[in-house]
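Undergrad: Okay, so here is run.json, and as you'll see once you scroll down, it has JSON, C-alpha atoms and all ligand atoms.
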[["chain", "number", "residue", "atom", "x", "y", "z"],
["U", 129, "MET", "CA", -3.63, -43.74, 27.37],
["U", 130, "ASP", "CA", 0.07, -44.08, 27.81],
["U", 131, "ARG", "CA", 1.82, -41.15, 29.50],
["U", 132, "TYR", "CA", 3.97, -40.35, 26.46],
["U", 133, "GLU", "CA", 0.94, -40.52, 24.22],
["U", 134, "ARG", "CA", -0.77, -37.97, 26.44],
["U", 135, "ILE", "CA", 2.25, -35.64, 26.36],
["U", 136, "PHE", "CA", 2.46, -35.96, 22.59],
["U", 137, "PHE", "CA", -1.27, -35.30, 22.23],
["U", 138, "TRP", "CA", -1.24, -32.13, 24.33],
["U", 139, "PHE", "CA", 1.98, -30.89, 22.74],
["U", 140, "SER", "CA", 0.44, -31.26, 19.25],
["U", 141, "ALA", "CA", -2.77, -29.56, 20.33],
["U", 142, "ALA", "CA", -0.82, -26.68, 21.89],
["U", 143, "MET", "CA", 1.30, -26.24, 18.72],
["U", 144, "LEU", "CA", -1.83, -26.10, 16.61],
["U", 145, "GLY", "CA", -3.25, -23.45, 18.95],
["U", 146, "VAL", "CA", -0.04, -21.39, 18.81],
["U", 147, "LEU", "CA", 0.06, -21.52, 15.00],
["U", 148, "LEU", "CA", -3.61, -20.56, 14.65],
["U", 149, "CYS", "CA", -3.02, -17.60, 16.99],
["U", 150, "ALA", "CA", 0.00, -16.55, 14.90],
["U", 151, "LEU", "CA", -2.12, -16.76, 11.73],
["U", 152, "ALA", "CA", -4.92, -14.72, 13.32],
["U", 153, "TYR", "CA", -2.37, -12.15, 14.49],
["U", 154, "VAL", "CA", -0.77, -11.56, 11.06],
["U", 155, "THR", "CA", -4.06, -11.52, 9.12],
["U", 156, "LEU", "CA", -6.30, -9.60, 11.55],
["U", 157, "GLY", "CA", -3.70, -7.67, 13.56],
["U", 158, "MET", "CA", -1.02, -6.86, 10.99],
["U", 159, "HIS", "CA", -3.30, -6.95, 7.93],
["U", 160, "ILE", "CA", -0.90, -9.15, 6.00],
["U", 161, "HIS", "CA", -2.80, -11.13, 3.41],
["U", 162, "LEU", "CA", -2.50, -12.45, -0.08],
["U", 163, "PRO", "CA", -3.20, -9.70, -2.59],
["U", 164, "GLY", "CA", -6.22, -10.97, -4.45],
["U", 165, "PRO", "CA", -8.34, -9.97, -7.40],
["U", 166, "SER", "CA", -10.93, -7.56, -6.03],
["U", 167, "GLY", "CA", -12.79, -7.02, -9.25],
["U", 168, "ARG", "CA", -13.27, -8.43, -12.70],
["U", 169, "ILE", "CA", -13.68, -6.94, -16.15],
["U", 170, "ILE", "CA", -15.81, -9.09, -18.39],
["U", 171, "PRO", "CA", -16.01, -8.17, -22.11],
["U", 172, "ARG", "CA", -19.41, -7.82, -23.74],
["U", 173, "ALA", "CA", -20.29, -10.24, -26.54],
["U", 174, "GLY", "CA", -18.04, -9.60, -29.52],
["U", 175, "GLN", "CA", -15.75, -7.27, -27.58],
["U", 176, "ASN", "CA", -12.15, -8.21, -26.91],
["U", 177, "LEU", "CA", -10.63, -7.93, -23.46],
["U", 178, "GLY", "CA", -8.32, -5.01, -24.41],
["U", 179, "ALA", "CA", -11.28, -2.89, -25.52],
["U", 180, "ALA", "CA", -13.27, -3.86, -22.42],
["U", 181, "VAL", "CA", -10.42, -2.87, -20.08],
["U", 182, "LEU", "CA", -9.81, 0.48, -21.80],
["U", 183, "SER", "CA", -13.52, 1.42, -21.63],
["U", 184, "THR", "CA", -14.18, 0.31, -18.04],
["U", 185, "PRO", "CA", -13.81, 2.87, -15.23],
["U", 186, "PRO", "CA", -11.40, 3.58, -13.64],
["U", 187, "PHE", "CA", -9.14, 2.05, -16.32],
["U", 188, "ASN", "CA", -10.49, 4.40, -19.01],
["U", 189, "HIS", "CA", -8.59, 7.14, -17.10],
["U", 190, "PRO", "CA", -5.41, 5.58, -15.70],
["U", 191, "GLY", "CA", -3.17, 7.74, -13.54],
["U", 192, "LEU", "CA", -2.47, 9.10, -10.09],
["U", 193, "ARG", "CA", -5.15, 10.81, -8.03],
["U", 194, "GLN", "CA", -5.23, 12.13, -4.50],
["U", 195, "THR", "CA", -8.09, 10.69, -2.47],
["U", 196, "GLY", "CA", -7.44, 12.45, 0.86],
["U", 197, "PRO", "CA", -4.67, 14.04, 2.95],
["U", 198, "GLY", "CA", -1.61, 11.85, 2.30],
["U", 199, "GLU", "CA", -3.80, 9.30, 0.52],
["U", 200, "TYR", "CA", -3.41, 8.45, -3.14],
["U", 201, "GLU", "CA", -4.69, 6.01, -5.69],
["U", 202, "VAL", "CA", -2.82, 4.86, -8.77],
["U", 203, "VAL", "CA", -4.87, 3.28, -11.53],
["U", 204, "MET", "CA", -2.43, 1.44, -13.73],
["U", 205, "LEU", "CA", -2.49, -0.63, -16.89],
["U", 206, "ALA", "CA", -0.03, -3.41, -17.55],
["U", 207, "GLN", "CA", 0.45, -4.19, -21.22],
["U", 208, "GLN", "CA", 3.10, -5.76, -23.44],
["U", 209, "TRP", "CA", 5.59, -4.25, -22.61],
["U", 210, "PHE", "CA", 4.97, -1.24, -20.45],
["U", 211, "PHE", "CA", 3.06, 0.06, -17.49],
["U", 212, "TYR", "CA", 0.86, 3.12, -17.92],
["U", 213, "PRO", "CA", 1.45, 5.59, -16.35],
["U", 214, "ARG", "CA", 5.18, 4.99, -16.71],
["U", 215, "ARG", "CA", 6.20, 7.39, -13.97],
["U", 216, "ILE", "CA", 4.48, 8.67, -10.87],
["U", 217, "GLN", "CA", 5.62, 11.23, -8.30],
["U", 218, "LEU", "CA", 4.60, 11.10, -4.67],
["U", 219, "PRO", "CA", 5.48, 12.97, -1.48],
["U", 220, "ALA", "CA", 7.28, 10.96, 1.22],
["U", 221, "GLY", "CA", 4.80, 9.34, 3.60],
["U", 222, "ALA", "CA", 2.16, 8.91, 0.90],
["U", 223, "ASN", "CA", -0.19, 6.00, 1.44],
["U", 224, "VAL", "CA", -0.87, 4.63, -2.02],
["U", 225, "THR", "CA", -3.40, 2.14, -3.30],
["U", 226, "PHE", "CA", -2.35, 0.53, -6.57],
["U", 227, "ARG", "CA", -5.24, -0.69, -8.71],
["U", 228, "VAL", "CA", -3.81, -2.64, -11.63],
["U", 229, "THR", "CA", -5.13, -4.75, -14.46],
["U", 230, "SER", "CA", -3.82, -6.21, -17.68],
["U", 231, "ALA", "CA", -5.32, -5.70, -21.10],
["U", 232, "ASP", "CA", -3.49, -8.62, -22.72],
["U", 233, "VAL", "CA", -1.47, -11.33, -20.95],
["U", 234, "THR", "CA", -0.40, -12.09, -17.38],
["U", 235, "HIS", "CA", 2.18, -9.66, -16.00],
["U", 236, "GLY", "CA", 3.92, -9.14, -12.69],
["U", 237, "PHE", "CA", 3.98, -6.05, -10.48],
["U", 238, "PHE", "CA", 6.87, -5.97, -8.07],
["U", 239, "ILE", "CA", 8.49, -3.04, -6.28],
["U", 240, "PRO", "CA", 11.84, -4.24, -4.84],
["U", 241, "GLY", "CA", 12.47, -3.10, -1.27],
["U", 242, "THR", "CA", 8.74, -3.08, -0.49],
["U", 243, "ARG", "CA", 6.17, -5.79, 0.10],
["U", 244, "VAL", "CA", 4.30, -4.81, -3.10],
["U", 245, "ASN", "CA", 4.30, -8.01, -5.15],
["U", 246, "MET", "CA", 1.32, -8.90, -7.31],
["U", 247, "MET", "CA", 0.40, -10.99, -10.29],
["U", 248, "ILE", "CA", -1.62, -9.05, -12.86],
["U", 249, "ILE", "CA", -4.07, -11.35, -14.58],
["U", 250, "PRO", "CA", -5.97, -10.22, -17.70],
["U", 251, "GLY", "CA", -9.43, -9.00, -16.76],
["U", 252, "TYR", "CA", -8.82, -9.15, -13.01],
["U", 253, "VAL", "CA", -8.13, -6.10, -10.87],
["U", 254, "SER", "CA", -5.27, -6.52, -8.40],
["U", 255, "VAL", "CA", -5.13, -4.12, -5.46],
["U", 256, "GLU", "CA", -2.39, -3.41, -2.96],
["U", 257, "THR", "CA", -1.78, -0.51, -0.58],
["U", 258, "TYR", "CA", 1.64, 0.66, 0.54],
["U", 259, "ARG", "CA", 3.05, 3.62, 2.47],
["U", 260, "PHE", "CA", 6.22, 5.12, 0.96],
["U", 261, "SER", "CA", 7.86, 6.43, 4.14],
["U", 262, "ARG", "CA", 11.33, 6.98, 2.71],
["U", 263, "PRO", "CA", 12.17, 9.24, -0.26],
["U", 264, "GLY", "CA", 13.84, 7.61, -3.23],
["U", 265, "ASP", "CA", 13.34, 6.24, -6.72],
["U", 266, "TYR", "CA", 11.46, 2.97, -6.68],
["U", 267, "ARG", "CA", 11.16, 0.74, -9.68],
["U", 268, "ILE", "CA", 8.06, -1.22, -10.60],
["U", 269, "ILE", "CA", 9.12, -4.31, -12.49],
["U", 270, "CYS", "CA", 7.26, -7.02, -14.31],
["U", 271, "HIS", "CA", 8.44, -10.28, -12.79],
["U", 272, "GLU", "CA", 6.16, -12.60, -14.73],
["U", 273, "TYR", "CA", 7.39, -13.67, -18.17],
["U", 274, "CYS", "CA", 5.13, -11.94, -20.68],
["U", 275, "GLY", "CA", 6.88, -12.25, -24.03],
["U", 276, "LEU", "CA", 9.86, -11.00, -26.01],
["U", 277, "ASP", "CA", 10.40, -7.64, -24.29],
["U", 278, "HIS", "CA", 9.43, -8.79, -20.79],
["U", 279, "HIS", "CA", 12.83, -7.71, -19.45],
["U", 280, "THR", "CA", 12.24, -4.08, -20.49],
["U", 281, "MET", "CA", 8.87, -3.74, -18.80],
["U", 282, "SER", "CA", 9.10, -1.35, -15.87],
["U", 283, "ALA", "CA", 7.84, 1.92, -14.43],
["U", 284, "GLU", "CA", 9.06, 4.38, -11.82],
["U", 285, "VAL", "CA", 7.77, 5.70, -8.53],
["U", 286, "MET", "CA", 9.60, 8.86, -7.45],
["U", 287, "VAL", "CA", 9.13, 9.67, -3.78],
["U", 288, "LYS", "CA", 10.32, 13.12, -2.64],
["G", 301, "LIG", "CU1", 5.06, -7.97, -18.38],
["G", 301, "LIG", "CU2", 6.84, -9.51, -18.00]]
Take the structure I supplied and represent it as C-alpha cells, if you would.
TA:
Amino acid sequence: MDRYERIFFWFSAAMLGVLLCALAYVTLGMHIHLPGPSGRIIPRAGQNLGAAVLSTPPFNHPGLRQTGPGEYEVVMLAQQWFFYPRRIQLPAGANVTFRVTSADVTHGFFIPGTRVNMMIIPGYVSVETYRFSRPGDYRIICHEYCGLDHHTMSAEVMVK
C-alpha cells in the first residue's frame, strides 16, 4: 500500500471511531434520543380511534398527577384544535413525563426554550421527560399542520 493510502485509511478509521464514541456518549451517557412511540392504541372492530383513545387508560383520565417527590406525569390529549388539559401548574424543579396521544389527526407538541419536541400520531403514545428548573410560563404549541385552526392550538405550563 502506498504511504498516503495508509494515512488516509487510518485517518478514516479513526474518524469513524471518534464519531461512534460521540454517538455512544450522547445516547448512553446523556440520554439524548429520538422521542419515539412507546405504546399503541388499537381500536376494536367497529370502534373508531377517537372512542378507543378516550376509553383506554390512562387517556380516559387525562391530567397531571404526582408520581413521587418532585416527579410528575402529565397525560395529555391532542385534538383539533386544543390540548387537554389546557393548563398545568408545576413547582420549579419538577421532573415531568409527558404522555401524549392524538384522537384524530397528526399534531405537534413543542415547548419553545426546552428540548421537548414531539410529533403526536393518532393511536401512538409519545413520551418525553423534562425537568423545569426555571420558573416561568411555558407554552405548548402544535407545530404540525392539523387543519383550519392549527395556529390556535396551544396549552400552558406554569412553573412557580
Ligand atoms: Cu394540532 Cu396543528
Undergrad: Taking only residues of chain U that have an atom at most 7 Å from an atom of ligand LIG 301 (chain G), what is each one's shortest atom pair and its distance in Å to one decimal, using only C-alpha atoms and all ligand atoms, in chain and number order, as CSV?
TA:
residue,atom,partner,partner_atom,distance
U:Ala206,CA,G:LIG301,CU1,6.9
U:Gln207,CA,G:LIG301,CU1,6.6
U:Gln208,CA,G:LIG301,CU1,5.9
U:Trp209,CA,G:LIG301,CU1,5.7
U:Thr234,CA,G:LIG301,CU1,6.9
U:His235,CA,G:LIG301,CU1,4.1
U:Gly236,CA,G:LIG301,CU1,5.9
U:Cys270,CA,G:LIG301,CU2,4.5
U:His271,CA,G:LIG301,CU2,5.5
U:Glu272,CA,G:LIG301,CU2,4.6
U:Tyr273,CA,G:LIG301,CU2,4.2
U:Cys274,CA,G:LIG301,CU2,4.0
U:Gly275,CA,G:LIG301,CU2,6.6
U:His278,CA,G:LIG301,CU2,3.9
U:His279,CA,G:LIG301,CU2,6.4
U:Met281,CA,G:LIG301,CU1,5.7
Undergrad: Which residue out of U:Ile248, U:Ile135, U:Val255, U:Ala180 has the minimum interatomic distance to U:Val202 when all atoms listed in the file are used?
TA: U:Val255
Undergrad: Using Å and a single decimal, report how far atom CA of U:Pro250 sits from atom CA of U:Tyr200.
TA: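 Here the two named atoms are 23.8 Å from each other.
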Undergrad: Excluding U:Ile239 and its own-chain neighbours fewer than 2 positions away, which residues fall within 10 Å of it when counting all atoms listed in the file? Please give them as a count of residues only.
TA: 18
Undergrad: I'd like the neighbourhood of stretch 156-161 of chain U as an MDAnalysis selection string, where a residue qualifies if any of its atoms comes within 12 Å (using all atoms listed in the file), though same-chain residues fewer than 2 positions away should be ignored.
TA: chainID U and resid 148:154 163:164 243:246 255:258
Undergrad: Which one is closest to U:Glu201: U:Ala173, U:Arg259, U:Thr155, U:Pro240? Count all atoms listed in the file.
TA: U:Arg259
Undergrad: My list of candidates is U:Gly221, U:Pro197, U:Gly251, U:Gly264. Which is closest to U:Thr184 when distances are computed with all atoms listed in the file?
TA: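 The answer is U:Gly251, which sits nearest to U:Thr184.
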Undergrad: At a cut-off of 12 Å, using all atoms listed in the file, what residues contact U:Pro186? Leave out same-chain residues fewer than 4 positions from it and give the result as a list in words.
TA: Gly167, Ile169, Ala180, Val181, Leu182, Pro190, Gly191, Leu192, Arg193, Glu201, Val202, Val203, Met204, Leu205, Phe226, Arg227, Val228, Thr229 and Val253 of chain U
Undergrad: For a quick check of understanding, using all atoms listed in the file, which of U:Leu177, U:Val224, U:Ala141, U:Ile216 has the smallest distance to U:Gly198?
TA: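 Closest residue, counting all atoms listed in the file: U:Val224.
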Undergrad: What is the distance, in Å and to one decimal place, between atom CA of U:Leu276 and atom CA of U:Ile249?
TA: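 Between atom CA of U:Leu276 and atom CA of U:Ile249 the gap is 18.0 Å.
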Undergrad: May I have the protein, DNA and RNA residues with an atom at most 9 Å from (10.4, 15.4, -7.7), counting only C-alpha atoms in the file's coordinates, returned as a compact mmCIF listing (two decimals) with C-alpha atoms, keeping the file's coordinate frame?
TA:
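As a result, result_38.txt now contains:
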# COMPACT_ATOMS: atom_id res chain seq x y z
CA GLN U 217 5.62 11.23 -8.30
CA LEU U 218 4.60 11.10 -4.67
CA PRO U 219 5.48 12.97 -1.48
CA MET U 286 9.60 8.86 -7.45
CA VAL U 287 9.13 9.67 -3.78
CA LYS U 288 10.32 13.12 -2.64
Undergrad: Report the distance between atom CA of U:His189 and atom CA of U:Gly174 in Å, rounded to one decimal place.
TA: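 So the two atoms, atom CA of U:His189 and atom CA of U:Gly174, lie 22.9 Å apart.
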Undergrad: Give the answer as one residue: which of U:Asp232, U:Met247, U:Ala179, U:Asn223 has the shortest atom-to-atom distance to U:Gln194, using all atoms listed in the file?
TA: U:Asn223
Undergrad: Please return stretch 176-189 of chain U, rebuilt to N, CA, C and O atoms, as an mmCIF file, in the coordinates of the input.
TA:
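Written output follows (rebuild.cif):
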data_model
loop_
_atom_site.group_PDB
_atom_site.id
_atom_site.type_symbol
_atom_site.label_atom_id
_atom_site.label_comp_id
_atom_site.auth_asym_id
_atom_site.auth_seq_id
_atom_site.Cartn_x
_atom_site.Cartn_y
_atom_site.Cartn_z
ATOM 1 N N ASN U 176 -13.313 -7.526 -27.455
ATOM 2 C CA ASN U 176 -12.150 -8.210 -26.910
ATOM 3 C C ASN U 176 -11.787 -7.613 -25.561
ATOM 4 O O ASN U 176 -12.264 -6.541 -25.184
ATOM 5 N N LEU U 177 -10.937 -8.335 -24.824
ATOM 6 C CA LEU U 177 -10.630 -7.930 -23.460
ATOM 7 C C LEU U 177 -9.949 -6.566 -23.415
ATOM 8 O O LEU U 177 -10.255 -5.741 -22.556
ATOM 9 N N GLY U 178 -9.026 -6.294 -24.374
ATOM 10 C CA GLY U 178 -8.320 -5.010 -24.410
ATOM 11 C C GLY U 178 -9.294 -3.844 -24.470
ATOM 12 O O GLY U 178 -9.187 -2.887 -23.717
ATOM 13 N N ALA U 179 -10.283 -3.954 -25.359
ATOM 14 C CA ALA U 179 -11.280 -2.890 -25.520
ATOM 15 C C ALA U 179 -12.124 -2.756 -24.253
ATOM 16 O O ALA U 179 -12.455 -1.647 -23.821
ATOM 17 N N ALA U 180 -12.462 -3.889 -23.645
ATOM 18 C CA ALA U 180 -13.270 -3.860 -22.420
ATOM 19 C C ALA U 180 -12.517 -3.159 -21.297
ATOM 20 O O ALA U 180 -13.074 -2.313 -20.600
ATOM 21 N N VAL U 181 -11.221 -3.481 -21.148
ATOM 22 C CA VAL U 181 -10.420 -2.870 -20.080
ATOM 23 C C VAL U 181 -10.324 -1.360 -20.293
ATOM 24 O O VAL U 181 -10.554 -0.571 -19.370
ATOM 25 N N LEU U 182 -10.027 -0.940 -21.526
ATOM 26 C CA LEU U 182 -9.810 0.480 -21.800
ATOM 27 C C LEU U 182 -11.091 1.310 -21.704
ATOM 28 O O LEU U 182 -11.039 2.529 -21.624
ATOM 29 N N SER U 183 -12.260 0.657 -21.716
ATOM 30 C CA SER U 183 -13.520 1.420 -21.630
ATOM 31 C C SER U 183 -14.192 1.269 -20.268
ATOM 32 O O SER U 183 -15.271 1.807 -20.050
ATOM 33 N N THR U 184 -13.568 0.522 -19.360
ATOM 34 C CA THR U 184 -14.180 0.310 -18.040
ATOM 35 C C THR U 184 -13.552 1.235 -17.001
ATOM 36 O O THR U 184 -12.336 1.223 -16.830
ATOM 37 N N PRO U 185 -14.372 2.054 -16.306
ATOM 38 C CA PRO U 185 -13.810 2.870 -15.230
ATOM 39 C C PRO U 185 -13.265 1.969 -14.128
ATOM 40 O O PRO U 185 -13.869 0.929 -13.869
ATOM 41 N N PRO U 186 -12.169 2.344 -13.439
ATOM 42 C CA PRO U 186 -11.400 3.580 -13.640
ATOM 43 C C PRO U 186 -10.310 3.449 -14.700
ATOM 44 O O PRO U 186 -9.547 4.375 -14.898
ATOM 45 N N PHE U 187 -10.270 2.295 -15.401
ATOM 46 C CA PHE U 187 -9.140 2.050 -16.320
ATOM 47 C C PHE U 187 -9.254 2.839 -17.622
ATOM 48 O O PHE U 187 -8.327 2.864 -18.414
ATOM 49 N N ASN U 188 -10.412 3.510 -17.841
ATOM 50 C CA ASN U 188 -10.490 4.400 -19.010
ATOM 51 C C ASN U 188 -9.752 5.708 -18.735
ATOM 52 O O ASN U 188 -9.480 6.466 -19.658
ATOM 53 N N HIS U 189 -9.413 5.972 -17.452
ATOM 54 C CA HIS U 189 -8.590 7.140 -17.100
ATOM 55 C C HIS U 189 -7.498 6.723 -16.118
ATOM 56 O O HIS U 189 -7.587 7.029 -14.934
#
